[in-house]
Number of protein chains: 2
Amino acid sequence: MSSDNLTKPTESELEILQILWEKGNCTVREVHEILTQNKEAGYTTTLKIMQIMHEKGLVKRDTSSKTHIYSALASQQKTQQHLVSRLIDNAFSGSAARLVMQALGNHTSSKDEIEEIKKYLNELDNK
Amino acid sequence: MSSDNLTKPTESELEILQILWEKGNCTVREVHEILTQNKEAGYTTTLKIMQIMHEKGLVKRDTSSKTHIYSALASQQKTQQHLVSRLIDNAFSGSAARLVMQALGNHTSSKDEIEEIKKYLNELDNK
DNA sequence: TTAGTAATACGAAACAATTCGTAAATAAAA
DNA sequence: TTTTATTTACGAATTGTTTCGTATTACTAA
């Protein structure tokens with residue numbers, strides 16, 4: 001499958017994708033500024049990874065001006081779906097329920113969030 | 001932190017850990033047989049990975065007889081917890097609820113599983 | 001005892017991801 | 001125009017993972 005690349009970003013690539021998903025269009029500089037709020041990294045490192053992401057088809061870029069503008073090509077929905085499925089298979093013996101309970105148990109979720117999930121479960125029932 | 005290794009197994013290591021979590025004690029041969037039900041791999045490859053896991057402290061082994069007996073040292077619970085947290089931070093902007101819904105929406109979960117999760121959510125409410 | 005089988009140990013090759021130095025191109029400022 | 005700063009491009013070093021060939025050791029059966 002040629003779309004394999006689209007769903008298997010590395011961790012560094014994921015960090016960048018998250019920024020692009022949220023911001024839409026970004027220069028390397030903008031992405032780099034956000035990245036380095038949390039961790040150390042050289043500018044050319046960020047640049048290189050984004051160039052590789054372009055080669056892989058994870059992002060597209062507008063090169064009409066000297067400073068290129070990047071945006072995500074990999075869909076947030078599909079990427080998340082793929083990562084979750086892999087984790088379920090990989091570490092939870094294929095049981096989505098076990099992953100869900102692990103996720104809810106240890107990440108402090110607000111009452112609102114829990115209500116939302118209940119609503120969601122009821123909808124699943126009615127199918 | 002020295003326990004970092006315990007919670008960041010590679011994918012190959014996770015495959016093996018899953019087997020050890022389920023079976024308890026295993027020889028390399030046993031693990032290898034199970035692994036190769038799903039994918040190709042040479043015996044010495046499986047062996048090598050298990051040896052590295054031993055160096056890293058992910059597994060322990062009994063070497064009193066020629067055929068070594070391996071078992072998991074990394075706790076299933078802690079490893080899963082760590083992986084889920086990372087995924088939530090990494091790909092779901094920190095929202096456990098979003099991950100949960102993604103997980104439930106795309107993995108076909110049985111009615112029993114869904115009931116179990118509902119029960120679990122109600123318990124969470126009562127805390 | 002000898003031949004064959006199955007195990008471990010070890011090292012190195014192959015591959016992928018990350019990091020960064022340096023050069024070249026472009027644009028902006030002096 | 002000349003200098004300075006910013007950007008891209010490229011290549012190479014580093015690190016980590018996976019894979020496997022080969023040697024050695026121990027056990028089993030002929």
# chains A, B, ... in the order shown; residues from 1 in each chain; ligands from 1
>>> residues_around(residues="stretch 15-28 of chain C", least_positions_apart="4", cutoff="10 Å", atoms="only C-alpha atoms (C1' of nucleotides)", output="ChimeraX atom specification")
/A:10-12,41-46,48-49,65-67 /D:4-19
>>> residues_around(residues="stretch 14-24 of chain A", least_positions_apart="3", cutoff="7 Å", atoms="only C-alpha atoms (C1' of nucleotides)", output="PyMOL selection string")
(chain A and resi 9-11+31+71-72+76) or (chain B and resi 90-91)
>>> closest_atom_pairs(of="chain C", to="chain B", cutoff="12 Å", atoms="only C-alpha atoms (C1' of nucleotides)", output="CSV")
residue,atom,partner,partner_atom,distance
C:DA6,C1',B:Thr67,CA,9.3
C:DA7,C1',B:Thr67,CA,6.3
C:DT8,C1',B:Lys66,CA,8.2
C:DA9,C1',B:Lys48,CA,9.3
C:DC10,C1',B:Lys48,CA,9.9
C:DG11,C1',B:Lys48,CA,11.7
>>> closest_atom_pairs(of="chain A", to="chain B", cutoff="10 Å", atoms="only C-alpha atoms", output="Markdown table")
| residue | atom | partner | partner_atom | distance |
| --- | --- | --- | --- | --- |
| A:Glu11 | CA | B:Asn90 | CA | 7.6 |
| A:Ser12 | CA | B:Asn90 | CA | 9.5 |
| A:Leu14 | CA | B:Ala91 | CA | 6.7 |
| A:Glu15 | CA | B:Asn90 | CA | 6.6 |
| A:Leu17 | CA | B:Ala91 | CA | 8.7 |
| A:Gln18 | CA | B:Ala91 | CA | 6.8 |
| A:Ile19 | CA | B:Ser93 | CA | 9.7 |
| A:Glu22 | CA | B:Ser93 | CA | 9.7 |
| A:Gln76 | CA | B:Ala91 | CA | 8.6 |
| A:Gln77 | CA | B:Gln102 | CA | 8.5 |
| A:Lys78 | CA | B:Gln102 | CA | 9.9 |
| A:Thr79 | CA | B:Ala91 | CA | 8.4 |
| A:Gln80 | CA | B:Ala91 | CA | 6.5 |
| A:Gln81 | CA | B:Gln102 | CA | 6.3 |
| A:His82 | CA | B:Asn106 | CA | 9.4 |
| A:Leu83 | CA | B:Leu87 | CA | 8.0 |
| A:Val84 | CA | B:Ala103 | CA | 6.1 |
| A:Ser85 | CA | B:Ala103 | CA | 7.2 |
| A:Leu87 | CA | B:Leu83 | CA | 8.0 |
| A:Ile88 | CA | B:Ala103 | CA | 8.3 |
| A:Asp89 | CA | B:Glu15 | CA | 9.4 |
| A:Asn90 | CA | B:Glu15 | CA | 6.5 |
| A:Ala91 | CA | B:Gln80 | CA | 6.5 |
| A:Phe92 | CA | B:Gln80 | CA | 7.6 |
| A:Ser93 | CA | B:Gln18 | CA | 7.4 |
| A:Gly94 | CA | B:His107 | CA | 8.7 |
| A:Ser95 | CA | B:Ser109 | CA | 7.9 |
| A:Ala96 | CA | B:Ala103 | CA | 6.1 |
| A:Ala97 | CA | B:Glu113 | CA | 5.9 |
| A:Arg98 | CA | B:Glu113 | CA | 8.7 |
| A:Leu99 | CA | B:Val84 | CA | 7.5 |
| A:Val100 | CA | B:Val100 | CA | 5.4 |
| A:Met101 | CA | B:Ile117 | CA | 6.9 |
| A:Gln102 | CA | B:Gln81 | CA | 6.3 |
| A:Ala103 | CA | B:Ala96 | CA | 6.1 |
| A:Leu104 | CA | B:Ala96 | CA | 6.6 |
| A:Gly105 | CA | B:Leu124 | CA | 8.1 |
| A:Asn106 | CA | B:Gln81 | CA | 7.1 |
| A:His107 | CA | B:Ala96 | CA | 6.5 |
| A:Thr108 | CA | B:Ala96 | CA | 8.2 |
| A:Ser109 | CA | B:Ala96 | CA | 6.8 |
| A:Ser110 | CA | B:Ala97 | CA | 9.1 |
| A:Lys111 | CA | B:Asp125 | CA | 7.6 |
| A:Asp112 | CA | B:Ala97 | CA | 9.7 |
| A:Glu113 | CA | B:Ala97 | CA | 6.0 |
| A:Ile114 | CA | B:Leu121 | CA | 7.0 |
| A:Glu115 | CA | B:Leu121 | CA | 8.8 |
| A:Glu116 | CA | B:Ala97 | CA | 8.0 |
| A:Ile117 | CA | B:Ala97 | CA | 6.8 |
| A:Lys118 | CA | B:Lys118 | CA | 6.9 |
| A:Tyr120 | CA | B:Met101 | CA | 7.5 |
| A:Leu121 | CA | B:Ile114 | CA | 7.0 |
| A:Asn122 | CA | B:Ile114 | CA | 9.2 |
| A:Leu124 | CA | B:Gly105 | CA | 8.1 |
| A:Asp125 | CA | B:Lys111 | CA | 7.6 |
>>> atom_distance(atom1="atom C1' of C:DA14", atom2="atom CA of B:Val59")
26.5 Å
>>> atom_distance(atom1="atom CA of A:Thr36", atom2="atom CA of A:Lys56")
23.5 Å
